[in-house]
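Novice: This one is data-v9.tsv, TSV, C-alpha atoms.
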```
chain	number	residue	atom	x	y	z
M	1	MET	CA	-40.20	-29.67	-21.12
M	2	ASP	CA	-36.54	-29.45	-20.11
M	3	ARG	CA	-34.85	-32.44	-18.65
M	4	GLU	CA	-31.48	-32.53	-17.03
M	5	ALA	CA	-29.52	-35.65	-17.66
M	6	ASP	CA	-26.99	-36.97	-15.25
M	7	VAL	CA	-24.11	-37.86	-17.49
M	8	THR	CA	-21.22	-39.50	-15.73
M	9	ILE	CA	-18.05	-40.26	-17.62
M	10	SER	CA	-15.83	-42.82	-15.96
M	11	GLU	CA	-12.11	-42.30	-15.71
M	12	THR	CA	-11.61	-45.20	-18.13
M	13	ASP	CA	-13.97	-43.66	-20.69
M	14	ARG	CA	-12.13	-40.36	-20.38
M	15	LEU	CA	-8.75	-42.03	-20.91
M	16	HIS	CA	-10.05	-44.10	-23.82
M	17	SER	CA	-11.39	-40.94	-25.42
M	18	GLN	CA	-7.98	-39.29	-25.00
M	19	LEU	CA	-6.28	-42.39	-26.38
M	20	SER	CA	-8.48	-42.34	-29.49
M	21	ARG	CA	-7.55	-38.72	-30.22
M	22	LEU	CA	-3.82	-39.31	-29.72
M	23	GLU	CA	-3.55	-42.34	-31.99
M	24	ASP	CA	-3.70	-40.30	-35.21
M	25	MET	CA	-1.87	-37.25	-33.88
M	26	PHE	CA	1.47	-38.97	-33.34
M	27	PRO	CA	2.41	-41.26	-36.22
M	28	GLY	CA	5.29	-43.56	-35.37
M	29	TYR	CA	4.14	-43.94	-31.78
M	30	ARG	CA	2.16	-46.75	-30.21
M	31	THR	CA	-0.34	-45.56	-27.61
M	32	GLU	CA	-1.76	-47.61	-24.72
M	33	ILE	CA	-3.24	-47.09	-21.27
M	34	VAL	CA	-0.95	-48.70	-18.67
M	35	GLU	CA	-1.65	-48.43	-14.93
M	36	GLY	CA	-4.05	-45.55	-15.56
M	37	ALA	CA	-1.62	-43.47	-17.62
M	38	ILE	CA	-1.48	-42.90	-21.35
M	39	VAL	CA	1.85	-44.32	-22.56
M	40	MET	CA	3.34	-43.54	-25.96
M	41	SER	CA	6.24	-45.62	-27.26
M	42	PRO	CA	8.20	-44.81	-30.41
M	43	VAL	CA	8.17	-47.60	-32.95
M	44	LYS	CA	11.30	-48.40	-34.96
M	45	PRO	CA	11.54	-50.50	-38.14
M	46	HIS	CA	12.76	-53.60	-36.27
M	47	HIS	CA	9.56	-53.55	-34.26
M	48	ASN	CA	7.24	-53.81	-37.25
M	49	GLN	CA	9.54	-56.18	-39.16
M	50	THR	CA	9.47	-58.56	-36.22
M	51	ILE	CA	5.67	-58.45	-36.01
M	52	TRP	CA	5.25	-59.16	-39.74
M	53	LYS	CA	7.75	-62.02	-39.71
M	54	LEU	CA	5.99	-63.62	-36.73
M	55	TRP	CA	2.55	-63.08	-38.26
M	56	SER	CA	3.68	-64.75	-41.50
M	57	ALA	CA	5.26	-67.67	-39.67
M	58	LEU	CA	2.20	-68.27	-37.50
M	59	GLU	CA	-0.36	-67.83	-40.27
M	60	GLY	CA	0.82	-70.98	-42.03
M	61	GLN	CA	0.64	-73.03	-38.82
M	62	LEU	CA	-2.81	-72.10	-37.54
M	63	SER	CA	-6.07	-73.73	-38.57
M	64	ASP	CA	-8.71	-71.67	-40.36
M	65	GLU	CA	-10.46	-71.15	-37.02
M	66	TRP	CA	-7.81	-68.72	-35.79
M	67	GLY	CA	-6.98	-65.16	-36.78
M	68	PHE	CA	-4.94	-62.20	-35.59
M	69	ILE	CA	-5.26	-58.75	-34.16
M	70	SER	CA	-2.34	-56.34	-34.01
M	71	ASP	CA	-2.18	-53.05	-32.11
M	72	VAL	CA	-5.92	-53.21	-31.40
M	73	SER	CA	-7.26	-52.20	-28.00
M	74	VAL	CA	-7.79	-54.91	-25.38
M	75	PRO	CA	-9.26	-53.40	-22.17
M	76	PHE	CA	-8.13	-55.41	-19.13
M	77	ASP	CA	-9.42	-53.37	-16.21
M	78	GLU	CA	-9.97	-49.77	-15.10
M	79	GLU	CA	-6.27	-48.93	-15.43
M	80	ASN	CA	-5.02	-51.06	-18.31
M	81	GLU	CA	-5.99	-51.03	-21.96
M	82	PHE	CA	-3.25	-52.80	-23.87
M	83	CYS	CA	-2.69	-53.08	-27.61
M	84	PRO	CA	-0.78	-56.34	-28.09
M	85	ASP	CA	1.68	-56.27	-30.97
M	86	LEU	CA	0.15	-59.53	-32.12
M	87	ALA	CA	-2.55	-61.71	-30.59
M	88	VAL	CA	-4.14	-64.93	-31.80
M	89	ILE	CA	-7.92	-64.94	-31.36
M	90	PRO	CA	-10.78	-66.85	-32.99
M	91	LYS	CA	-11.05	-65.84	-36.67
M	92	ALA	CA	-14.81	-65.25	-36.34
M	93	GLU	CA	-14.02	-62.58	-33.74
M	94	SER	CA	-11.19	-60.90	-35.68
M	95	ALA	CA	-13.47	-60.80	-38.74
M	96	LYS	CA	-15.81	-58.47	-36.82
M	97	ASN	CA	-13.18	-55.71	-37.29
M	98	LEU	CA	-13.81	-54.10	-33.90
M	99	SER	CA	-11.80	-51.32	-32.25
M	100	ALA	CA	-11.55	-53.32	-28.99
M	101	TYR	CA	-11.64	-56.99	-27.99
M	102	PRO	CA	-11.97	-58.73	-24.61
M	103	PRO	CA	-8.76	-60.33	-23.31
M	104	ASP	CA	-10.54	-63.65	-22.77
M	105	LEU	CA	-10.41	-64.28	-26.54
M	106	ILE	CA	-6.59	-64.30	-26.65
M	107	GLU	CA	-4.93	-67.70	-26.97
M	108	LEU	CA	-1.42	-66.33	-27.59
M	109	ALA	CA	-0.15	-62.79	-26.92
M	110	ILE	CA	3.07	-61.47	-28.45
M	111	GLU	CA	4.89	-58.27	-27.57
M	112	VAL	CA	7.96	-56.88	-29.32
M	113	VAL	CA	10.08	-54.77	-27.00
M	114	SER	CA	10.72	-51.15	-27.88
M	115	PRO	CA	12.98	-48.81	-25.87
M	116	GLY	CA	10.03	-47.35	-23.97
M	117	SER	CA	8.14	-50.61	-23.35
M	118	VAL	CA	10.67	-52.69	-21.40
M	119	ARG	CA	8.94	-52.53	-18.00
M	120	ASN	CA	5.47	-52.79	-19.53
M	121	ASP	CA	6.32	-55.87	-21.62
M	122	TYR	CA	8.40	-57.75	-19.05
M	123	GLU	CA	6.58	-56.89	-15.82
M	124	ILE	CA	3.16	-55.27	-16.11
M	125	LYS	CA	1.86	-57.32	-19.04
M	126	ASP	CA	3.36	-60.52	-17.61
M	127	ARG	CA	1.14	-60.18	-14.55
M	128	ALA	CA	-1.92	-58.78	-16.37
M	129	TYR	CA	-1.92	-61.40	-19.14
M	130	ALA	CA	-1.43	-64.21	-16.61
M	131	ARG	CA	-4.19	-62.94	-14.28
M	132	ARG	CA	-6.62	-62.98	-17.22
M	133	GLY	CA	-5.63	-66.57	-18.04
M	134	ILE	CA	-3.99	-65.95	-21.42
M	135	PRO	CA	-2.30	-69.36	-21.86
M	136	ASN	CA	0.87	-68.25	-23.67
M	137	TYR	CA	2.78	-64.98	-23.82
M	138	LEU	CA	5.90	-64.40	-25.95
M	139	ILE	CA	8.24	-61.43	-25.64
M	140	PHE	CA	10.57	-60.80	-28.59
M	141	ASP	CA	13.38	-58.41	-27.72
M	142	PRO	CA	15.47	-57.04	-30.63
M	143	TYR	CA	17.68	-55.15	-28.13
M	144	LYS	CA	18.72	-58.27	-26.20
M	145	ALA	CA	18.34	-60.59	-29.23
M	146	HIS	CA	16.21	-63.09	-27.36
M	147	CYS	CA	12.67	-64.40	-26.93
M	148	VAL	CA	11.05	-65.05	-23.57
M	149	THR	CA	8.30	-67.67	-23.62
M	150	LEU	CA	5.81	-67.63	-20.76
M	151	TRP	CA	3.14	-70.22	-19.98
M	152	ASN	CA	1.12	-71.63	-17.08
M	153	PRO	CA	-0.62	-68.39	-16.01
M	154	GLY	CA	-1.14	-67.70	-12.31
M	155	PRO	CA	-2.39	-64.80	-10.17
M	156	ASP	CA	1.10	-63.25	-9.84
M	157	GLY	CA	2.40	-63.94	-13.35
M	158	TYR	CA	3.39	-66.91	-15.43
M	159	LEU	CA	4.85	-69.89	-13.62
M	160	GLY	CA	6.73	-71.21	-16.67
M	161	ARG	CA	9.42	-69.15	-18.36
M	162	ASP	CA	12.25	-69.81	-20.83
M	163	THR	CA	14.62	-67.40	-22.55
M	164	LEU	CA	16.00	-68.37	-25.96
M	165	THR	CA	18.61	-66.37	-27.84
M	166	TYR	CA	17.81	-65.39	-31.41
M	167	GLY	CA	19.06	-67.95	-33.88
M	168	LYS	CA	17.10	-70.78	-32.28
M	169	THR	CA	13.60	-72.05	-33.00
M	170	VAL	CA	11.00	-71.16	-30.41
M	171	VAL	CA	8.51	-73.99	-29.95
M	172	VAL	CA	5.31	-73.26	-28.05
M	173	GLU	CA	2.82	-75.94	-26.98
M	174	THR	CA	-0.56	-74.22	-27.08
M	175	GLY	CA	-4.18	-75.26	-26.82
M	176	ILE	CA	-4.43	-74.64	-30.57
M	177	GLY	CA	-1.42	-76.74	-31.50
M	178	LYS	CA	2.35	-76.82	-31.42
M	179	LEU	CA	3.77	-73.62	-32.94
M	180	SER	CA	7.36	-73.11	-34.13
M	181	LEU	CA	8.98	-69.75	-34.75
M	182	ASP	CA	12.44	-69.52	-36.25
M	183	THR	CA	14.22	-66.52	-34.74
M	184	ALA	CA	17.29	-66.69	-37.02
M	185	GLU	CA	15.87	-64.08	-39.42
M	186	LEU	CA	14.43	-61.70	-36.84
M	187	PRO	CA	15.99	-58.23	-36.86
M	188	VAL	CA	18.40	-57.32	-34.07
M	189	ASP	CA	19.26	-53.79	-33.01
M	190	PRO	CA	22.89	-52.97	-33.91
M	191	GLY	CA	23.59	-52.17	-30.25
M	192	ALA	CA	22.09	-55.44	-28.93
M	193	SER	CA	23.88	-57.04	-25.99
```
Once you've parsed the file, please lay out its structure as structure tokens.
Specialist:
Amino acid sequence: MDREADVTISETDRLHSQLSRLEDMFPGYRTEIVEGAIVMSPVKPHHNQTIWKLWSALEGQLSDEWGFISDVSVPFDEENEFCPDLAVIPKAESAKNLSAYPPDLIELAIEVVSPGSVRNDYEIKDRAYARRGIPNYLIFDPYKAHCVTLWNPGPDGYLGRDTLTYGKTVVVETGIGKLSLDTAELPVDPGAS
């Protein structure tokens, strides 16, 4: 007996499938879905160095209940599937070693700006992270040599915002404790303004 199956693939599933294939094809590029388009950003050494320095600094300050994900898919809606450079989530969840996590798990999101991610990091993710209620969002920018701290999420973005030049200590009051990040040792692009 032959049966015909109605198989419908959503636009998001199609994009996610494309994203999965691209991830291994282009080493040195970070791939995300932003506003319904697949976006590839080149990654430079300062990008990864910044992530590792921040990870190391935070790891010693967090309780054993908290862990990290880095460059792992976080689907937000039909048009946005971000891969935060670093996100703090419950350790029990990160231990599951999944390929995607819900945004509601994120207590702190961190993005490190690359030349191709300026608009995404400063505008699109600001609104998307805030709409989903992520309490704190930090943007580290090695091209401007500063960190933008965002808190108090609202429907149109974060209501609280400070910009600190590298060389200072960034202090963030979070629901999981007070976190301090020394920016003095973070790499800065030679052409930084």
Novice: Which value, in Å to one decimal, gives the distance between atom CA of Asp121 of chain M and atom CA of Gly67 of chain M?
Specialist: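 Computing it gives 22.2 Å between the two atoms.
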Novice: What gap, in Å, lies between atom CA of Lys144 of chain M and atom CA of Val170 of chain M?
Specialist: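 Between atom CA of Lys144 of chain M and atom CA of Val170 of chain M the gap is 15.6 Å.
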Novice: Of the candidates M:Trp151, M:Tyr137, M:Tyr166, M:Tyr143, which one gets nearest to Pro115 of chain M if we count all atoms listed in the file?
Specialist: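 Distance minimum relative to Pro115 of chain M lands on M:Tyr143.
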Novice: Which residue is closest to Pro155 of chain M? Choose from M:Asp104, M:Leu54, M:Ala128, M:Ser94 and count all atoms listed in the file.
Specialist: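 Using all atoms listed in the file, the shortest distance to Pro155 of chain M belongs to M:Ala128.
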Novice: Do you have the atom CA of Thr149 of chain M-atom CA of Pro75 of chain M distance handy?
Specialist: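 For atom CA of Thr149 of chain M relative to atom CA of Pro75 of chain M, the distance reads 22.7 Å.
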Novice: For a quick check of understanding, using all atoms listed in the file, which of M:Leu179, M:Leu58, M:Val113, M:Val74 has the smallest distance to Tyr101 of chain M?
Specialist: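 With all atoms listed in the file as the atom set, the closest residue is M:Val74.
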Novice: Using only C-alpha atoms, determine which residues lie at most 9 Å from Leu186 of chain M, disregarding the query and same-chain residues fewer than 3 positions distant; provide the list as a PyMOL selection string.
Specialist: chain M and resi 46+49-50+53-54+142+145+166-167+182-183
Novice: For Leu98 of chain M, which of M:Glu59, M:Glu173, M:Asp71, M:Glu35 is the closest residue, counting all atoms listed in the file?
Specialist: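 The answer is M:Asp71, which sits nearest to Leu98 of chain M.
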Novice: Write out as a list of chain:residue names which residues come within 7 Å of Leu164 of chain M when counting only C-alpha atoms, dropping same-chain ones fewer than 6 positions away.
Specialist: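 So the residues in contact are M:His146, M:Cys147, M:Val148.
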